[in-house]
Each structure stands twice: as structure tokens, then as C-alpha cells.
file protein24.cif (mmCIF, C-alpha atoms and all ligand atoms)
data_final
#
loop_
_atom_site.label_atom_id
_atom_site.label_comp_id
_atom_site.auth_asym_id
_atom_site.auth_seq_id
_atom_site.Cartn_x
_atom_site.Cartn_y
_atom_site.Cartn_z
CA MET L 1 0.00 0.00 0.00
CA ILE L 2 1.34 3.42 -0.82
CA CYS L 3 -1.40 5.68 0.52
CA LYS L 4 -4.78 5.68 2.28
CA VAL L 5 -7.16 8.63 2.66
CA GLY L 6 -10.26 8.89 4.84
CA ILE L 7 -13.27 10.75 3.44
CA TYR L 8 -16.46 11.79 5.21
CA GLY L 9 -19.04 14.55 5.11
CA ASP L 10 -21.62 16.43 7.13
CA PRO L 11 -20.48 15.76 10.68
CA HIS L 12 -22.50 18.89 11.65
CA ALA L 13 -20.54 19.62 14.80
CA GLY L 14 -22.86 20.98 17.46
CA TYR L 15 -26.15 20.07 15.83
CA ASP L 16 -27.48 17.22 13.67
CA GLY L 17 -29.92 19.33 11.67
CA SER L 18 -33.06 18.29 13.47
CA GLN L 19 -31.80 16.81 16.72
CA GLY L 20 -33.13 13.44 15.59
CA GLY L 21 -31.35 10.12 15.20
CA VAL L 22 -28.00 9.42 16.87
CA PRO L 23 -26.35 12.60 18.25
CA SER L 24 -24.07 14.04 15.56
CA ALA L 25 -21.09 14.09 17.92
CA GLN L 26 -21.40 10.37 18.63
CA VAL L 27 -21.27 9.56 14.91
CA ALA L 28 -18.40 11.93 14.14
CA GLU L 29 -16.43 10.72 17.15
CA SER L 30 -16.82 7.15 15.92
CA ILE L 31 -15.48 8.08 12.49
CA VAL L 32 -12.60 10.15 13.84
CA ALA L 33 -11.67 7.34 16.26
CA ARG L 34 -11.46 4.90 13.34
CA PHE L 35 -9.38 7.35 11.32
CA SER L 36 -7.12 8.13 14.29
CA ALA L 37 -6.51 4.45 15.02
CA ASP L 38 -5.51 3.69 11.43
CA GLN L 39 -1.75 4.17 11.28
CA ARG L 40 -1.84 3.83 7.49
CA LEU L 41 -4.11 6.83 7.00
CA PHE L 42 -2.38 9.67 5.20
CA ASP L 43 -4.98 12.46 5.09
CA VAL L 44 -8.62 13.00 6.07
CA ILE L 45 -11.01 14.86 3.78
CA CYS L 46 -14.19 16.47 5.13
CA LEU L 47 -16.62 17.14 2.27
CA GLY L 48 -18.34 20.04 3.98
CA ASP L 49 -20.69 20.90 6.84
CA ALA L 50 -17.91 20.30 9.34
CA ILE L 51 -20.15 22.34 11.62
CA HIS L 52 -23.78 23.42 11.71
CA ASN L 53 -24.19 27.17 11.71
CA GLN L 54 -27.24 26.97 14.01
CA ALA L 55 -25.18 25.45 16.82
CA GLU L 56 -23.55 27.45 19.57
CA ASP L 57 -19.75 27.70 19.20
CA PRO L 58 -19.71 24.90 16.58
CA TRP L 59 -16.03 25.34 15.65
CA ILE L 60 -15.02 24.70 19.25
CA GLU L 61 -17.07 21.51 19.21
CA HIS L 62 -15.58 20.56 15.85
CA SER L 63 -12.05 21.08 17.16
CA ARG L 64 -12.83 18.87 20.13
CA ILE L 65 -14.14 16.05 17.94
CA VAL L 66 -11.19 16.08 15.50
CA SER L 67 -8.50 16.66 18.13
CA GLY L 68 -7.11 13.17 17.47
CA LEU L 69 -6.26 14.12 13.87
CA ALA L 70 -3.30 16.33 13.09
CA ASP L 71 -4.29 19.76 11.72
CA GLU L 72 -2.09 19.42 8.66
CA ARG L 73 -3.71 16.11 7.75
CA ARG L 74 -7.23 17.56 7.58
CA ILE L 75 -8.62 18.92 4.30
CA TYR L 76 -11.96 20.64 3.89
CA ALA L 77 -14.47 21.47 1.20
CA LEU L 78 -16.99 24.18 2.03
CA GLY L 79 -20.54 23.14 2.93
CA ASN L 80 -23.62 25.31 3.24
CA HIS L 81 -23.72 24.95 7.02
CA ASP L 82 -20.07 26.01 7.35
CA VAL L 83 -20.99 29.50 6.22
CA GLY L 84 -21.61 31.78 9.11
CA GLY L 85 -19.14 30.21 11.53
CA ASP L 86 -15.87 31.83 12.44
CA ASN L 87 -12.67 31.12 10.58
CA GLY L 88 -10.83 29.26 13.30
CA ILE L 89 -9.45 26.14 11.62
CA PRO L 90 -5.87 26.04 10.32
CA GLY L 91 -5.83 25.70 6.56
CA TRP L 92 -9.48 26.60 6.24
CA ARG L 93 -10.27 29.50 3.98
CA LEU L 94 -13.85 30.52 4.47
CA ALA L 95 -15.35 31.45 1.12
CA THR L 96 -18.66 32.99 0.22
CA MET L 97 -20.99 30.55 -1.45
CA SER L 98 -21.09 32.65 -4.61
CA GLY L 99 -17.38 33.49 -4.78
CA GLY L 100 -15.84 30.21 -3.75
CA ASN L 101 -12.31 28.96 -4.05
CA SER L 102 -10.39 25.81 -4.80
CA ARG L 103 -7.17 24.04 -3.87
CA VAL L 104 -5.33 20.84 -4.76
CA ARG L 105 -4.11 18.32 -2.21
CA SER L 106 -1.63 15.74 -3.45
CA VAL L 107 -0.89 12.48 -1.67
CA PRO L 108 1.27 9.57 -2.92
CA GLY L 109 -0.53 8.17 -5.97
CA ALA L 110 -3.38 10.67 -6.12
CA SER L 111 -4.42 14.31 -6.18
CA PHE L 112 -7.66 15.80 -4.87
CA LEU L 113 -9.16 19.02 -6.24
CA MET L 114 -11.28 20.60 -3.52
CA LEU L 115 -13.97 22.92 -4.94
CA ASP L 116 -15.97 25.30 -2.76
CA ILE L 117 -19.03 25.64 -4.97
CA PRO L 118 -22.71 26.17 -4.19
CA SER L 119 -25.48 23.80 -5.23
CA ASN L 120 -27.62 26.31 -7.08
CA GLU L 121 -25.15 28.17 -9.27
CA LEU L 122 -22.05 27.06 -11.19
CA PRO L 123 -19.19 29.57 -10.90
CA LEU L 124 -17.29 29.90 -14.20
CA TRP L 125 -13.95 29.49 -12.47
CA ALA L 126 -14.93 25.96 -11.42
CA ILE L 127 -14.80 24.63 -14.98
CA ALA L 128 -11.46 26.33 -15.59
CA GLU L 129 -10.08 24.84 -12.37
CA VAL L 130 -11.22 21.34 -13.33
CA ILE L 131 -9.63 21.55 -16.79
CA ASP L 132 -6.39 22.86 -15.32
CA PHE L 133 -6.39 20.18 -12.64
CA ALA L 134 -6.99 17.29 -15.06
CA SER L 135 -4.04 18.34 -17.18
CA SER L 136 -1.69 18.93 -14.27
CA VAL L 137 -2.09 15.70 -12.29
CA PRO L 138 1.05 13.55 -12.76
CA PRO L 139 0.62 10.80 -15.37
CA GLY L 140 -0.26 7.42 -13.93
CA THR L 141 -1.70 8.78 -10.68
CA PHE L 142 -5.33 9.21 -9.69
CA ALA L 143 -7.23 12.48 -10.12
CA PHE L 144 -10.18 13.00 -7.79
CA ILE L 145 -12.54 15.97 -7.37
CA CYS L 146 -14.47 16.87 -4.21
CA TRP L 147 -17.33 19.29 -3.66
CA HIS L 148 -20.23 19.45 -1.22
CA ALA L 149 -23.62 19.09 -2.95
CA PRO L 150 -23.98 16.02 -5.23
CA TYR L 151 -25.01 16.17 -8.85
CA TYR L 152 -26.34 12.61 -8.69
CA THR L 153 -28.55 11.62 -5.77
CA THR L 154 -32.02 10.39 -4.89
CA GLY L 155 -31.78 12.15 -1.51
CA MET L 156 -34.84 14.03 -0.44
CA ARG L 157 -33.21 17.43 -0.66
CA GLY L 158 -32.61 17.02 -4.38
CA ARG L 159 -29.70 17.20 -6.82
CA ALA L 160 -27.35 20.10 -7.61
CA LYS L 161 -28.66 20.40 -11.18
CA ALA L 162 -26.87 23.71 -11.67
CA LEU L 163 -23.63 21.76 -11.95
CA PHE L 164 -24.65 20.17 -15.28
CA GLU L 165 -21.91 21.84 -17.34
CA LEU L 166 -19.24 20.91 -14.81
CA VAL L 167 -20.28 17.26 -14.96
CA GLN L 168 -20.25 17.32 -18.78
CA GLU L 169 -16.72 18.69 -18.72
CA ILE L 170 -15.53 16.08 -16.22
CA ALA L 171 -16.93 13.36 -18.51
CA VAL L 172 -14.28 14.10 -21.14
CA LEU L 173 -11.38 14.71 -18.77
CA ARG L 174 -8.99 12.36 -17.00
CA ILE L 175 -10.87 12.38 -13.70
CA ASP L 176 -11.14 9.08 -11.81
CA ALA L 177 -13.97 9.84 -9.38
CA VAL L 178 -15.99 12.67 -7.84
CA PHE L 179 -16.83 12.77 -4.11
CA SER L 180 -19.70 14.78 -2.61
CA ALA L 181 -21.76 14.81 0.59
CA HIS L 182 -24.67 17.13 1.61
CA VAL L 183 -27.11 14.21 1.41
CA HIS L 184 -26.78 12.32 4.69
CA ALA L 185 -26.42 8.83 3.23
CA TYR L 186 -24.18 6.89 0.85
CA GLU L 187 -24.75 6.49 -2.87
CA ARG L 188 -22.47 5.53 -5.74
CA TYR L 189 -23.31 6.35 -9.35
CA GLU L 190 -21.85 5.70 -12.77
CA GLY L 191 -22.12 9.27 -14.00
CA ALA L 192 -21.52 11.00 -17.33
CA GLY L 193 -18.48 9.59 -19.11
CA LYS L 194 -18.74 6.55 -16.78
CA THR L 195 -17.04 8.61 -14.06
CA PRO L 196 -17.89 7.25 -10.58
CA TYR L 197 -19.77 9.78 -8.43
CA ILE L 198 -19.72 8.95 -4.73
CA VAL L 199 -21.97 10.56 -2.12
CA THR L 200 -20.79 10.12 1.47
CA GLY L 201 -22.56 12.58 3.73
CA GLY L 202 -23.24 10.31 6.66
CA GLY L 203 -20.82 11.86 9.14
CA GLY L 204 -23.30 12.91 11.80
CA GLY L 205 -26.25 14.86 10.42
CA MET L 206 -29.57 13.06 10.75
CA PRO L 207 -29.86 10.40 7.98
CA HIS L 208 -31.77 11.46 4.89
CA GLU L 209 -34.31 9.39 3.05
CA LEU L 210 -33.18 8.02 -0.33
CA ASP L 211 -35.28 7.32 -3.43
CA ALA L 212 -37.13 10.44 -2.46
CA ASN L 213 -36.54 13.24 -4.96
CA GLU L 214 -38.28 13.95 -8.28
CA ASP L 215 -35.37 12.60 -10.32
CA THR L 216 -35.24 9.23 -8.58
CA PRO L 217 -36.57 7.28 -11.63
CA ALA L 218 -33.73 8.72 -13.74
CA MET L 219 -31.13 8.10 -11.03
CA LEU L 220 -31.83 4.46 -10.21
CA PRO L 221 -30.56 2.96 -13.51
CA ILE L 222 -27.12 4.53 -13.01
CA ARG L 223 -26.89 3.97 -9.25
CA ARG L 224 -24.48 1.19 -8.33
CA ALA L 225 -24.79 1.19 -4.52
CA ALA L 226 -26.77 2.87 -1.75
CA TYR L 227 -26.77 2.90 2.05
CA ALA L 228 -29.20 5.09 3.96
CA SER L 229 -27.37 5.49 7.25
CA TYR L 230 -24.27 6.98 8.86
CA ASN L 231 -21.14 6.22 6.84
CA TYR L 232 -17.63 7.15 5.77
CA VAL L 233 -15.26 6.15 2.98
CA THR L 234 -11.61 5.24 2.60
CA ALA L 235 -9.53 5.32 -0.59
CA THR L 236 -6.56 2.93 -0.52
CA ILE L 237 -3.91 3.09 -3.23
CA THR L 238 -1.61 0.18 -4.01
CA ARG L 239 0.85 -0.47 -6.82
CA THR L 240 1.97 -3.56 -8.66
CA ALA L 241 4.56 -3.63 -11.41
CA ASP L 242 2.47 -1.73 -13.94
CA VAL L 243 -0.89 -1.01 -12.33
CA LEU L 244 -1.83 1.61 -9.79
CA ARG L 245 -5.03 0.56 -8.01
CA CYS L 246 -7.36 2.59 -5.82
CA VAL L 247 -9.92 0.69 -3.75
CA ILE L 248 -12.74 2.89 -2.51
CA GLU L 249 -14.63 1.36 0.42
CA CYS L 250 -17.67 2.59 2.33
CA PHE L 251 -18.25 1.62 5.97
CA ASP L 252 -21.05 2.06 8.47
CA ALA L 253 -19.89 4.89 10.74
CA LEU L 254 -21.02 3.26 13.97
CA THR L 255 -20.25 -0.44 13.44
CA GLY L 256 -17.40 -0.21 10.93
CA ALA L 257 -19.09 -2.84 8.74
CA LYS L 258 -18.20 -2.54 5.06
CA VAL L 259 -21.17 -1.67 2.85
CA ASP L 260 -19.61 -1.04 -0.57
CA GLU L 261 -16.36 -1.41 -2.50
CA LEU L 262 -15.12 -0.15 -5.85
CA ALA L 263 -11.70 -0.79 -7.42
CA LEU L 264 -10.23 1.63 -9.95
CA ASP L 265 -7.15 0.80 -12.00
CA ARG L 266 -4.75 3.04 -13.82
CA SER L 267 -3.77 0.29 -16.22
CA GLN L 268 -1.21 2.34 -18.08
CA TYR L 269 1.08 3.35 -15.28
CA LEU L 270 3.64 5.61 -16.86
CA LYS L 271 7.08 5.65 -15.38
CA PRO L 272 8.91 8.97 -15.48
CA GLY L 273 10.71 9.39 -18.81
CA SER L 274 8.72 6.69 -20.58
CA GLY L 275 8.40 9.04 -23.53
CA THR L 276 4.66 8.96 -24.06
CA THR L 277 1.91 11.20 -22.76
CA LYS L 278 -1.02 9.15 -24.00
CA LEU L 279 -3.22 8.13 -21.11
CA ASP L 280 -5.84 5.44 -20.83
CA PRO L 281 -8.85 7.06 -19.18
CA ASP L 282 -10.74 3.77 -18.85
CA MET L 283 -11.25 2.13 -15.52
CA GLU L 284 -13.25 -0.85 -14.42
FE FE R 1 -25.32 18.57 5.90
#
call {"tool": "encode", "arguments": {"input": "protein24.cif", "output": "C-alpha cells"}}
result
Amino acid sequence: MICKVGIYGDPHAGYDGSQGGVPSAQVAESIVARFSADQRLFDVICLGDAIHNQAEDPWIEHSRIVSGLADERRIYALGNHDVGGDNGIPGWRLATMSGGNSRVRSVPGASFLMLDIPSNELPLWAIAEVIDFASSVPPGTFAFICWHAPYYTTGMRGRAKALFELVQEIAVLRIDAVFSAHVHAYERYEGAGKTPYIVTGGGGGMPHELDANEDTPAMLPIRRAAYASYNYVTATITRTADVLRCVIECFDALTGAKVDELALDRSQYLKPGSGTTKLDPDME
């Protein structure tokens, strides 16, 4: 194994959104404990809603929950409920939901483009950032994109349809998977261009009902997995002689039971100086 990254979303520090279900802190603490105990974990990505803006002092509560994870190992995308809190986390750049920002995090074998974009409006810079990112990721390594509100979901709060053009662009680029949260459940889709779209927003906010929005009939044929409870994901990268493999696994946040697995291969692993720039975008 050369690298492992933990990914979760919507821990909602301080408030679960409705004060129903398991307390948000209990779920997030369970996830962070599993991440903290895993010596192989390289970085931890939070896909937004680290806090809930209706809670009292939510950043203090968030800091308490993640205290077992080193600051420099935590990476954030902006969620709607993060807006309105104070800017107290190292490395966190609070953006406005209409302005937004982006950054790239590279780990051994993969790079993650973190986009702070809203669900109801596609900023023009986002497409430019995605194109730039796809062309700059080192050959033979994985290219992943993260943002908060999913384009594909049957979650009751609906899909981020405004991101249509972004998804169409990703379909023709060398992007291996897209991770989102916002919907408090797990879903995995085969999206445009056969790009995997993974929703993992089960980090603490009260679970959302699936198969519940108006686009559900159109979503079900391309959905490959679903789990309507608290969850988190890991991405584990290994290398053989000529194949770089990333196994994406989803686990129940409370029990740790595995609920889904997807393996991606970069079958044309290019060694430095191999003299070709042609890439095989296909994956299983
Ligand atoms: Fe949320």
C-alpha cells in the first residue's frame, strides 16, 4: 500500500440538523476514532458541513471532535452549514458561497481538487479549475474531485442540477472519481463519461431518506450502490509492477461494517521518462 485517505461529510458539529437520530457528535467521534486508530491513513477529507451554523460555538465543538487528527492532515471542502461560523481552523479558507475557491491536495498516488461551490449556481472558475487540474495531475496517478452538494442523488433534498456543465466537462477529462456529501447517506453512481460519483454525507447529520426526490426514476438505472445510514469512505492506493489501483470502500460509521467497495485501476502506469503522454482514461 502506498497511501490511504479517509473521506467523510456532514459531521455537523454541534447540531445534527433536526436533533433526531444518533447525536451528531457520537457519529463523528466514531469516524474520527477509526481514522485516528488507522496508522496507514495519510490524510482525512471532510466534504463540507464540518459544523452546523445553528449550533452554539460549533467550531469549538468541531475542534474537540477532530482533536485526534493532526491539523495538517485535515482537508476541507466548504458546505452550506459552514458559512456563518468563524474562521478558526488552520488551513481553512472561508469562502462565500457565490465566490468560492479551490485548492489541490496531493498524496502519494493521487491528487484531490477541492472545490468550494454552491449547489444552485455554477461559478465559471470551477470549470477552468477542473480543466487545469486534469491536465496537471502527474501521469499514472489518480485524479479526484471533491465538492459538497452532489449532482447525482435520490436524496430528499434534491440534486445540484446547476452543476450540469461541470459534470459534462468532467466526462471528457482524465478524472477518476468525484466525491460529494450534503445528502446524509451513501450512494455511488456511474455518472456522465462513466465517471464514478460517490456521495458520502453520513458523518453525523440526521440520515436522509433516499429514493425520495423527483429525479429518482432517472437516477436508479445509473446507481451502483446505496446505504441510507451513517457512513464514511476510505480510498486505498496500491501499486503492482504496472498497475496503480485505488480501492474505494464505504463503511457504516457506527459499526465499521463494510457496505460497498469499488476498485479503480490506472492500467497504463507511466514511469517517469517513458516518452509517451497518451493516457488510458478507462477504468473498471
Ligand atoms: Fe449537511
call {"tool": "residues_around", "arguments": {"input": "protein24.cif", "residues": "range 21-36 of chain L", "least_positions_apart": "2", "cutoff": "8 Å", "atoms": "all atoms listed in the file", "output": "list in words"}}
result
Gly6, Pro11, His12, Ala13, Gly14, Tyr15, Asp16, Gln19, Asp38, Gln39, Leu41, Val44, Ile65, Val66, Gly68, Leu69, Gly203, Gly204, Gly205, Met206, Pro207, Tyr230, Tyr232, Ala253 and Leu254 of chain L
call {"tool": "closest_residue", "arguments": {"input": "protein24.cif", "among": "L:Ile198, L:Ala241, L:Ala185, L:Ala171", "to": "ligand FE 1 (chain R)", "atoms": "only C-alpha atoms and all ligand atoms"}}
result
L:Ala185
call {"tool": "closest_residue", "arguments": {"input": "protein24.cif", "among": "L:Ala257, L:Ile170, L:Leu262, L:Val137", "to": "Thr236 in chain L", "atoms": "only C-alpha atoms"}}
result
L:Leu262
call {"tool": "residues_near_ligand", "arguments": {"input": "protein24.cif", "ligand": "ligand FE 1 (chain R)", "cutoff": "6 Å", "atoms": "only C-alpha atoms and all ligand atoms", "output": "mmCIF file with C-alpha atoms, in the frame of the given file"}}
result
data_model
loop_
_atom_site.group_PDB
_atom_site.id
_atom_site.type_symbol
_atom_site.label_atom_id
_atom_site.label_comp_id
_atom_site.auth_asym_id
_atom_site.auth_seq_id
_atom_site.Cartn_x
_atom_site.Cartn_y
_atom_site.Cartn_z
ATOM 1 C CA ASP L 10 -21.620 16.430 7.130
ATOM 2 C CA ASP L 49 -20.690 20.900 6.840
ATOM 3 C CA HIS L 182 -24.670 17.130 1.610
ATOM 4 C CA GLY L 205 -26.250 14.860 10.420
#
call {"tool": "residues_near_point", "arguments": {"input": "protein24.cif", "point": "(-12.7, 19.5, 7.6)", "cutoff": "10 Å", "atoms": "all atoms listed in the file", "output": "list in words"}}
result
Ile7, Tyr8, Gly9, Asp10, Pro11, Val44, Ile45, Cys46, Leu47, Gly48, Asp49, Ala50, Ile51, His62, Ser63, Val66, Asp71, Arg73, Arg74, Ile75, Tyr76, Ala77, Leu78, Gly79, Asp82, Ile89, Pro90, Gly91 and Trp92 of chain L
call {"tool": "atom_distance", "arguments": {"input": "protein24.cif", "atom1": "CA of His81 in chain L", "atom2": "CA of Glu61 in chain L"}}
result
14.3 Å
call {"tool": "atom_distance", "arguments": {"input": "protein24.cif", "atom1": "CA of Glu165 in chain L", "atom2": "CA of Thr200 in chain L"}}
result
22.2 Å
call {"tool": "residues_around", "arguments": {"input": "protein24.cif", "residues": "Lys161 in chain L", "least_positions_apart": "5", "cutoff": "9 Å", "atoms": "only C-alpha atoms", "output": "ChimeraX atom specification"}}
result
/L:119-121,150-152
call {"tool": "write_last_selection", "arguments": {"input": "protein24.cif", "atoms": "C-alpha atoms", "output": "CSV table (one decimal), in the coordinates of the input"}}
result
chain,number,residue,atom,x,y,z
L,119,SER,CA,-25.5,23.8,-5.2
L,120,ASN,CA,-27.6,26.3,-7.1
L,121,GLU,CA,-25.2,28.2,-9.3
L,150,PRO,CA,-24.0,16.0,-5.2
L,151,TYR,CA,-25.0,16.2,-8.8
L,152,TYR,CA,-26.3,12.6,-8.7
call {"tool": "closest_residue", "arguments": {"input": "protein24.cif", "among": "L:Phe164, L:Tyr189, L:Phe251, L:Phe112", "to": "Glu129 in chain L", "atoms": "only C-alpha atoms"}}
result
L:Phe112
call {"tool": "residues_around", "arguments": {"input": "protein24.cif", "residues": "Ala226 in chain L", "least_positions_apart": "2", "cutoff": "7 Å", "atoms": "all atoms listed in the file", "output": "list of chain:residue names"}}
result
L:Tyr186, L:Glu187, L:Arg188, L:Ala228
call {"tool": "atom_distance", "arguments": {"input": "protein24.cif", "atom1": "CA of Pro108 in chain L", "atom2": "CA of Arg266 in chain L"}}
result
14.1 Å
call {"tool": "axis_aligned_box", "arguments": {"input": "protein24.cif", "around": "range 162-179 of chain L", "padding_each_side": "6 Å", "output": "JSON"}}
result
{"center_x": -17.9, "center_y": 16.4, "center_z": -12.6, "size_x": 29.9, "size_y": 26.6, "size_z": 29.0}
call {"tool": "closest_residue", "arguments": {"input": "protein24.cif", "among": "L:Thr240, L:Thr153, L:Ser102, L:Ser111", "to": "Asp176 in chain L", "atoms": "all atoms listed in the file"}}
result
L:Ser111
call {"tool": "closest_residue", "arguments": {"input": "protein24.cif", "among": "L:Pro217, L:Gly140, L:Tyr197, L:Arg224", "to": "Val243 in chain L", "atoms": "all atoms listed in the file"}}
result
L:Gly140
call {"tool": "residues_around", "arguments": {"input": "protein24.cif", "residues": "Arg239 in chain L", "least_positions_apart": "5", "cutoff": "9 Å", "atoms": "only C-alpha atoms", "output": "MDAnalysis selection string"}}
result
chainID L and resid 1:2 109 244:246
call {"tool": "closest_residue", "arguments": {"input": "protein24.cif", "among": "L:Thr141, L:Ser106, L:Asn80, L:Asn101", "to": "Phe42 in chain L", "atoms": "only C-alpha atoms"}}
result
L:Ser106
call {"tool": "build_atoms", "arguments": {"input": "protein24.cif", "residues": "range 216-241 of chain L", "atoms": "N, CA and C atoms", "output": "mmCIF file, in the coordinates of the input"}}
result
data_model
loop_
_atom_site.group_PDB
_atom_site.id
_atom_site.type_symbol
_atom_site.label_atom_id
_atom_site.label_comp_id
_atom_site.auth_asym_id
_atom_site.auth_seq_id
_atom_site.Cartn_x
_atom_site.Cartn_y
_atom_site.Cartn_z
ATOM 1 N N THR L 216 -35.577 10.605 -8.964
ATOM 2 C CA THR L 216 -35.240 9.230 -8.580
ATOM 3 C C THR L 216 -35.377 8.222 -9.722
ATOM 4 N N PRO L 217 -36.461 8.268 -10.532
ATOM 5 C CA PRO L 217 -36.570 7.280 -11.630
ATOM 6 C C PRO L 217 -35.405 7.373 -12.619
ATOM 7 N N ALA L 218 -34.871 8.562 -12.823
ATOM 8 C CA ALA L 218 -33.730 8.720 -13.740
ATOM 9 C C ALA L 218 -32.415 8.331 -13.077
ATOM 10 N N MET L 219 -32.365 8.404 -11.774
ATOM 11 C CA MET L 219 -31.130 8.100 -11.030
ATOM 12 C C MET L 219 -30.908 6.598 -10.843
ATOM 13 N N LEU L 220 -31.981 5.868 -10.594
ATOM 14 C CA LEU L 220 -31.830 4.460 -10.210
ATOM 15 C C LEU L 220 -31.078 3.602 -11.233
ATOM 16 N N PRO L 221 -31.295 3.807 -12.549
ATOM 17 C CA PRO L 221 -30.560 2.960 -13.510
ATOM 18 C C PRO L 221 -29.044 3.155 -13.492
ATOM 19 N N ILE L 222 -28.573 4.298 -13.021
ATOM 20 C CA ILE L 222 -27.120 4.530 -13.010
ATOM 21 C C ILE L 222 -26.547 4.421 -11.588
ATOM 22 N N ARG L 223 -27.388 4.124 -10.614
ATOM 23 C CA ARG L 223 -26.890 3.970 -9.250
ATOM 24 C C ARG L 223 -26.332 2.570 -9.058
ATOM 25 N N ARG L 224 -25.147 2.493 -8.482
ATOM 26 C CA ARG L 224 -24.480 1.190 -8.330
ATOM 27 C C ARG L 224 -24.495 0.697 -6.883
ATOM 28 N N ALA L 225 -24.741 1.594 -5.930
ATOM 29 C CA ALA L 225 -24.790 1.190 -4.520
ATOM 30 C C ALA L 225 -25.498 2.281 -3.734
ATOM 31 N N ALA L 226 -26.105 1.892 -2.617
ATOM 32 C CA ALA L 226 -26.770 2.870 -1.750
ATOM 33 C C ALA L 226 -26.801 2.342 -0.322
ATOM 34 N N TYR L 227 -26.707 3.267 0.643
ATOM 35 C CA TYR L 227 -26.770 2.900 2.050
ATOM 36 C C TYR L 227 -27.329 4.094 2.812
ATOM 37 N N ALA L 228 -28.506 3.945 3.367
ATOM 38 C CA ALA L 228 -29.200 5.090 3.960
ATOM 39 C C ALA L 228 -28.949 5.168 5.462
ATOM 40 N N SER L 229 -27.685 5.293 5.829
ATOM 41 C CA SER L 229 -27.370 5.490 7.250
ATOM 42 C C SER L 229 -25.997 6.153 7.364
ATOM 43 N N TYR L 230 -25.550 6.324 8.597
ATOM 44 C CA TYR L 230 -24.270 6.980 8.860
ATOM 45 C C TYR L 230 -23.117 6.202 8.197
ATOM 46 N N ASN L 231 -22.191 6.919 7.589
ATOM 47 C CA ASN L 231 -21.140 6.220 6.840
ATOM 48 C C ASN L 231 -19.926 7.101 6.630
ATOM 49 N N TYR L 232 -18.841 6.452 6.226
ATOM 50 C CA TYR L 232 -17.630 7.150 5.770
ATOM 51 C C TYR L 232 -16.944 6.279 4.735
ATOM 52 N N VAL L 233 -15.918 6.837 4.091
ATOM 53 C CA VAL L 233 -15.260 6.150 2.980
ATOM 54 C C VAL L 233 -13.747 6.183 3.197
ATOM 55 N N THR L 234 -13.061 5.166 2.710
ATOM 56 C CA THR L 234 -11.610 5.240 2.600
ATOM 57 C C THR L 234 -11.211 4.963 1.154
ATOM 58 N N ALA L 235 -10.104 5.573 0.728
ATOM 59 C CA ALA L 235 -9.530 5.320 -0.590
ATOM 60 C C ALA L 235 -8.114 4.811 -0.362
ATOM 61 N N THR L 236 -7.858 3.573 -0.780
ATOM 62 C CA THR L 236 -6.560 2.930 -0.520
ATOM 63 C C THR L 236 -5.859 2.677 -1.853
ATOM 64 N N ILE L 237 -4.639 3.194 -1.969
ATOM 65 C CA ILE L 237 -3.910 3.090 -3.230
ATOM 66 C C ILE L 237 -2.751 2.110 -3.077
ATOM 67 N N THR L 238 -2.691 1.167 -3.988
ATOM 68 C CA THR L 238 -1.610 0.180 -4.010
ATOM 69 C C THR L 238 -1.002 0.159 -5.411
ATOM 70 N N ARG L 239 0.187 -0.425 -5.514
ATOM 71 C CA ARG L 239 0.850 -0.470 -6.820
ATOM 72 C C ARG L 239 1.468 -1.837 -7.039
ATOM 73 N N THR L 240 1.246 -2.385 -8.226
ATOM 74 C CA THR L 240 1.970 -3.560 -8.660
ATOM 75 C C THR L 240 2.957 -3.087 -9.719
ATOM 76 N N ALA L 241 3.522 -4.006 -10.463
ATOM 77 C CA ALA L 241 4.560 -3.630 -11.410
ATOM 78 C C ALA L 241 4.096 -2.550 -12.384
#
